[in-house]
Each structure stands twice: as structure tokens, then as C-alpha cells.
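Okay, so here's the structure we're looking at.
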Amino acid sequence: MTSRPNALQLAGLALLSCGSLALEIALTRLLATIYYPQYVFVAISLAVLGIGLGAALASWRPAWVRRVPVAATMSLAGLGALILVAVVVLAAAADLRPLVFALTTLPYLCTGVALTAIFSLASGDSPRLYMADLLGAGAGAVLAIPLLNALGALNGALAAAVLLSLSGILWQRRALPVVLTVGIALALAGNLAAGWLALDMSDLGTNKPVEASLADGALIATEWDSFARTDLIDPGEGRPYQLYVDGAAGSVMPPAGIDQALLRDIGFFPFATAQPERVLVIGPGGGLDVWFGLQSGAREIVAVEVNPASVDLVKSYADYNGDLYGQPNVRVEVDEGRSVLRRENRDYDLIFLSQVVTSTAERSGYVLSESTIYTVEAFGDYLDHLRPDGQIALKLYDEPTLTRALSVAVAAFNARGLSDAEALAHVEIYVDSSADPAIPLLVVRATPFTRNEALADGAVAVEVGFDPLFLPQVLADAPFDAIEAGTTDFDTLIDEAGIDLSAPTDDRPFFFQFERGLPDTLARLLLGIIALIAVGGALLILVQRRSASTGYAWSPLYFAALGAGFISIETTVIQQTRLFLGHPTLAVTTVLAVMLVGGGLGSWMAGRWIEAKPGRVPALPAAGVALVLVFWALTWPVIGDSFQTAGQALRVTMAAVTLLPLALLMGMPFPLGLKALDGAGARRIPLAWAVNGIATVFGSVGATALAMLAGFNSVLVASAVVYLLAGLLARWAVAPPTVEV
């Protein structure tokens, strides 16, 4: 096909992109249930890499492009998705990660081949094609949420496979796309009706905590939505129900009435000693922390839970838990705790966080599996919303999380002008040594503890069986004794530790990453991609030397810069707007929709209003992205603070309005570059897609690595530099239209 694509074919292209992005999000949720975030990140990175590899195949053999059955290839992407989902589920118990990782590339490999063929055969119409591509991807970002809420991750992924296969029918009615679409649709219908594919949470093969709970227990209920898979389990032996999020983040659902064993939980200690009237619970999970507040006689309890399914299950099992969330003094919000705290601007006697972890990787694994509830700025917000003598209490996991949380608290007090020794006067530390493993509790008060108060609290702790680790002016073992005495500081303690215990900030919110430098999994992935780029670069140089046309030698670097820059901006903007927008799913959906749909509109505008002659790439759009990005980075904090307390609709609108100019510009450079390659030879368009796809993966991994090492602001700066570089490369990627031999 060399003619201009018609409206139905553009719809097919849009549906291909829609299905691809919906599949990516569904796979993230499915894989997060089976694996831990770092492995999900690897798998999704390899999936996106598949698009670049598919384009690389077409670049290697340009003659293939003319013979590629586009419609069949689009539908084969759906078949690849079906095979991938089936293997992921059926091989979950065996933990065949290498096979799963390899198969994640399969549907995207077909997508890459199809996209390359479409753009190669109609390169002069690239702005219009890219508009359909991005608009479809934006629709996929929006569609994925209701799709996963309605069907769950497994069936949602199968539904995305149907969309992929259906795109081939829209492109061109042929027998194979019709057969594949019908077959995949029947597979989805069969699974919805009979459950021929189902995850056995008791035998995942990855040693997730849910497996141990199910060893002698029973699965009571499951909810699977766009945020996570949530399982309610009866562990047996008369123990309280347990609620697991993605098989890992476990919490207790207390039974109705008084349970003496739960009253001995160290999490109840700050409720019993402080007797708070107004309580904010961040991450109540199964409702145990709300139960603590009710037992202590709190007059008002606000519980903010980011997982809607957890709230639904607690409400659904009200008969079991005594209707925890239906009590007149309990209010439950499905949102992000710190965002609610900022918007409502109320003061509390106790702000309680019990082993809160958001290991529910969204689209970018490492970056989005960390929230900003354990940062220096977060502790500043907590302190700002405490009543006189109010407390922050954190039930943590182990010694590393305790020490890091303490470093955050000390840094928050340092920001208020207190020394390390003065900061410790606001802190008490306890541990429940009877638990296996031992569970620490960090209590931080707005005002310093007096010696008598510390003595009284310590006496109560000992009486109920907890061990005080630090009490101001009473008990301070090494190294806290030296810090309290002022002979050393907390920075020295952090520097001498064998792991990274530095205080996370909103710019670097990686509380649960304790490895110094980069985590091994991320470092290996980054090195692997760099090696792939090195090999690809060597082959590219070889191809360039053999080509009769050398005028486009710089064009691959131009498209590589666009790939790396686009994904790094997208990832960072999601992180920067999460606190403002509130719920992480809302933030991801809003940003992806604006960036992709806005980019599609920008591509359309570029095709109509910007002249791109063969061999000449306009430099202004890429340079404009860098300038607008810097402007957004400087103005967004002010805009965010100004509208933080506004309603959700207005906050989403403000985020969309401020991001739209950036998105419009980001949609222009790529299609203009492709249009400039019209007539440059059969290899150039596939090569552009290949380097762009591979660079996108490098940008995603590189942005995460840079954020861990230097913070997200550094990623924004790097992204602006990359787009400026693309603008310079656009000026160099100039050549007369010649044809390769």
C-alpha cells in the first residue's frame, strides 16, 4: 500500500496503539501480582523494546517492508498477547522468568513491524499517521482503567489482545485477522465464563507472603482492579482475616469485639499512651489501625487508603469486623494520604502509618512503586498538621526501615532549625522482640518529650512486653548516645552504614531502596541496554558506510534523542504531579492521556502548519519542547500549591491545561522527521523507528537510574538537554533527497 491511508485504516492504526498501551498496563498489573516490582520493570522494559526490535528487523531487510502483510501482522500482535498471558499464568508456579521476559516482546515485536511497514509505505503522510498512533495510545491509557476495573488484569490483558487483533480487520479485511480475532475473543469469553486461566495464589513460585498465609488457610474473596489484586484470606487456627495487595502488602482485618492478642500489637501502643481524640490513619489496609483508634476512644478517625478494593472488602465483611468503616466517628477516603492531608488542612493528635508500602508498580516499575509518604517533605507536612503535643507514629518492618525513617524525621527537624541532638528529644523508639521478625515502632512528637514523659512511656512499654530502644534523657544506646550528647551527628551514622540510609526527599523518594548506587537488577538492565545500543551503533555505522546516501547520517541520533526524551519527560511528569492529583492511578491516567492525546493533536498541527521538505527537519519544535519543559518545571510548583486544595475536577483540569502546550510540541518532532525522510531510501524509516524504540527503553531505564542517583529534577534537566540536542541534530540531518543503492 503506497496510497494515503483512509479513515478506516487510521482507525485500525489507532486501535493497534490503543491495544498496545492497554496491554502494557494490564501486563503491569498481572505481573505485579506474581513478581516483585523490579522484575515487573524488567518485563515491561523488554516489552517496549520489542517495538524497536520489530522495526530493526525491517531496517535490516528493507525489502521485507513491501511484502509485510500489515493487517495480518497487526492481528498476530493479538495472538502474541494471548500466548504471553497464557504462559504467564500457567508458568506462575514454576517461576519461569526468562521465558516470560522473552515472550513479553512477542506482541510488541509484531506491533513494531506493523508500525514500521505503515509509516514506510506512507512516509509523506507521517503527521497524520502519528496523530492516529498517539490518539490511539491516549485512548488506551484511559480505556485501561475501566477495562481493568471491570475485568481484572488477566481478562483485561485478553481484552487488549482482542483489540490488537481487531485492528488488523480495520486495516484490511482478510481471512487471517478475522480468524484470529474470533479465536481470541472466544478465549476471552471462555475465560470469563469458565475460568480456564486462573492464578493459584498459594503456588506462585516467587515466595510472596500470601503463599504462606494460604498454606493452612483459605481464600475468601478477591478483587482485581486497575490498582492491584486484593485477596482476603482466612489463615486458619482462629487467627484474624488477612488482606494482601498483590500478594505482598499484608494487613489484618480485625474481628468484631475485643481481641486481646491484637491489643498486644505494638501498633496499638501510641493509641493507648496518647489517647488521641482526632486520628489520621494513612494506609489502614484491612482496618486494624482504625480498630485501634476505636478501642482507644478516638472521637474522630480519618482513614485514607489508596487501594479501593481494600475499602470495599472491609465494608463487604462488616459483619465480621463489626462494621469498622460504618462507625459514625470513622471517615474513609480512597486517595493518597499526604494529598488529603494538604487539601483538608486539619490538625490531628495522631498521624499513624503502619507498614505502608505501595509496591504496586504502575507503568514504570521502580519509579511508580515508591510514594512520597516517607520523605523529608512528608514529615514536614505531618508536623504542620499536628495539634500541640500531637504525634506521628510509624510501625515499620525492620532495623533498616526504622533507621531510614529516623533519618527522615531528623532531617525534617533539621529543616526547622533543630540540631540532631535537639531532634532526638522529639523521638521515642520501641521494638516488639516477641514478633518474628521483630517489629519496630517510631514515635515522633511535635514538642520534645520531657524526662518524666519518657520514663512513663518506657514503663508502660516494658509492662506490656515491648523493649524501649531510645527514650530522650532516659535510654540511649550507641550510636544514639553520641548523637544525643552532640559529639557526633546523624550524617556520620549514615556514612558509616553498609547500606544507604539517607533521608529520601520528594525529589528522590526511594525509601525502600537500600543499595548504595543502583539496585543490581536495574544496573544489569541498564548495562544490557547499553550493550545493545553499542552493538546496534556498530551495525549502523557499517550500514552507513555501505549506503550511497550519507546525507542522513545524523538522523538516527535525532530519532534516538526523541525516544529517550519523550519517555523520560512522561515518567517524571507523572511523579511530579502525583501529590497534586492525589490517587496514583488518577495521576498516571491524566498525564498519559494529556501527553499522548496532546501529542497526537500536535502531530496533526505540524502536518497542517509546519512545512517539512524532504531532507529538511525543522529544528524549532524540538528546541521548543526544551524551553516549554523548563518553563513548566519552574511554574508548576507555584501552580500546584495554589490549587492544591481545589476539588478533583479542577485539579485534573489545571494539570491538563499546564501540560497541554508541552504535549502539543512533543508530538511534532517525530512525524516531521519521518516526513523529511520521504524518498531517502527504504532503510531510513524502519531505522528511525528502531532507534526511537530502543532509545525509549533506554530513556525509561536511564530516567529511573538518574532519579535514584540524583533526583527527578535532574531527569527534567537531562530531558531538556536531550531535546535541545535533538534540535541541533535536526539542523545537521539535512541532505538532498537521494535514494540508497
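Labels used: A, B, ... for chains in the order of the C-alpha cells, numbers from 1 for residues in each chain, and numbers from 1 for ligands as shown.
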Please produce, as a tab-separated table, a per-residue contact table for stretch 84-186 of chain A versus stretch 223-229 of chain A (criterion: any atom at most 12 Å away, only C-alpha atoms considered), showing the nearest atom pair and its distance in Å to one decimal, sorted by chain then residue number.
residue	atom	partner	partner_atom	distance
A:Ala141	CA	A:Ser226	CA	11.2
A:Val142	CA	A:Ser226	CA	11.1
A:Leu143	CA	A:Ser226	CA	10.6
A:Ala144	CA	A:Ser226	CA	7.6
A:Ile145	CA	A:Ser226	CA	5.4
A:Pro146	CA	A:Ser226	CA	7.5
A:Leu147	CA	A:Ser226	CA	7.9
A:Leu148	CA	A:Ser226	CA	4.9
A:Asn149	CA	A:Asp225	CA	4.1
A:Ala150	CA	A:Asp225	CA	7.1
A:Leu151	CA	A:Asp225	CA	7.5
A:Gly152	CA	A:Trp224	CA	4.7
A:Ala153	CA	A:Trp224	CA	6.7
A:Leu154	CA	A:Trp224	CA	8.9
A:Asn155	CA	A:Trp224	CA	10.1
A:Gly156	CA	A:Asp225	CA	9.4
A:Ala157	CA	A:Ser226	CA	11.5
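Omitting A:Leu383 and its sequence neighbours fewer than 5 positions away, and counting only C-alpha atoms, the residues within 9 Å are Ala378, Gly390, Gln391, Ile392, Ala412, Val444, Arg445 and Ala446 of chain A.
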Take the residues that were just selected and, keeping N, CA, C and O atoms, output them as a short mmCIF file (atom, residue, chain, number, x, y, z; two decimals), in the first residue's frame.
data_model
loop_
_atom_site.label_atom_id
_atom_site.label_comp_id
_atom_site.auth_asym_id
_atom_site.auth_seq_id
_atom_site.Cartn_x
_atom_site.Cartn_y
_atom_site.Cartn_z
N ALA A 378 7.35 15.06 53.44
CA ALA A 378 6.15 14.44 54.00
C ALA A 378 6.12 14.61 55.52
O ALA A 378 5.09 14.97 56.10
N GLY A 390 0.90 16.69 69.55
CA GLY A 390 0.49 15.61 68.66
C GLY A 390 1.67 14.76 68.23
O GLY A 390 2.84 15.17 68.31
N GLN A 391 1.38 13.55 67.77
CA GLN A 391 2.43 12.59 67.46
C GLN A 391 2.26 12.00 66.06
O GLN A 391 1.15 11.89 65.54
N ILE A 392 3.40 11.63 65.50
CA ILE A 392 3.45 10.79 64.30
C ILE A 392 3.98 9.44 64.76
O ILE A 392 5.00 9.37 65.45
N ALA A 412 13.81 16.29 58.83
CA ALA A 412 12.66 17.20 58.87
C ALA A 412 12.82 18.23 59.98
O ALA A 412 12.50 19.42 59.81
N VAL A 444 7.23 10.09 66.86
CA VAL A 444 7.79 11.43 66.69
C VAL A 444 6.75 12.44 67.18
O VAL A 444 5.60 12.41 66.71
N ARG A 445 7.14 13.31 68.10
CA ARG A 445 6.19 14.27 68.66
C ARG A 445 6.53 15.69 68.22
O ARG A 445 7.71 16.02 68.03
N ALA A 446 5.50 16.50 68.10
CA ALA A 446 5.71 17.88 67.66
C ALA A 446 6.53 18.66 68.67
O ALA A 446 7.34 19.51 68.31
#
Check: Which of these residues is nearest to A:Phe101, using only C-alpha atoms: A:Leu353, A:Leu204, A:Leu31, A:Leu135?
Finding: A:Leu31
Find the residues around stretch 186-190 of chain A up to 12 Å (only C-alpha atoms counted), leave out those fewer than 4 positions away in its own chain, and share them as a short mmCIF file (atom, residue, chain, number, x, y, z; two decimals) with C-alpha atoms, in the first residue's frame.
data_model
loop_
_atom_site.label_atom_id
_atom_site.label_comp_id
_atom_site.auth_asym_id
_atom_site.auth_seq_id
_atom_site.Cartn_x
_atom_site.Cartn_y
_atom_site.Cartn_z
CA GLY A 78 -3.06 -10.05 19.45
CA LEU A 79 -2.13 -13.71 19.13
CA ALA A 81 -0.54 -11.27 23.61
CA LEU A 82 -2.78 -14.32 24.09
CA ILE A 83 0.23 -16.65 24.14
CA VAL A 85 -0.86 -14.19 29.04
CA ALA A 86 -1.39 -17.95 28.92
CA LEU A 151 -12.40 -7.47 34.09
CA LEU A 154 -5.85 -11.23 33.42
CA ASN A 155 -9.03 -10.79 31.42
CA GLY A 156 -8.12 -7.16 30.79
CA ALA A 157 -4.95 -8.34 29.06
CA LEU A 158 -7.01 -10.77 26.97
CA ALA A 159 -9.39 -7.95 26.04
CA ALA A 160 -6.39 -5.88 24.93
CA ALA A 161 -5.36 -8.84 22.76
CA VAL A 162 -8.78 -8.71 21.11
CA LEU A 163 -8.28 -5.01 20.36
CA VAL A 179 -9.97 -15.88 12.30
CA LEU A 180 -7.51 -14.62 14.90
CA THR A 181 -9.92 -12.03 16.26
CA VAL A 182 -12.73 -14.57 16.61
CA ALA A 194 -15.30 -20.95 32.84
CA GLY A 195 -12.02 -19.55 34.11
CA TRP A 196 -9.73 -21.76 32.06
CA LEU A 197 -6.90 -19.42 33.04
CA ALA A 198 -6.64 -18.63 36.74
#
Check: Nearest to A:Ala137: which of A:Ala646, A:Ile533, A:Val594, A:Leu664 is it, counting only C-alpha atoms?
Finding: A:Val594
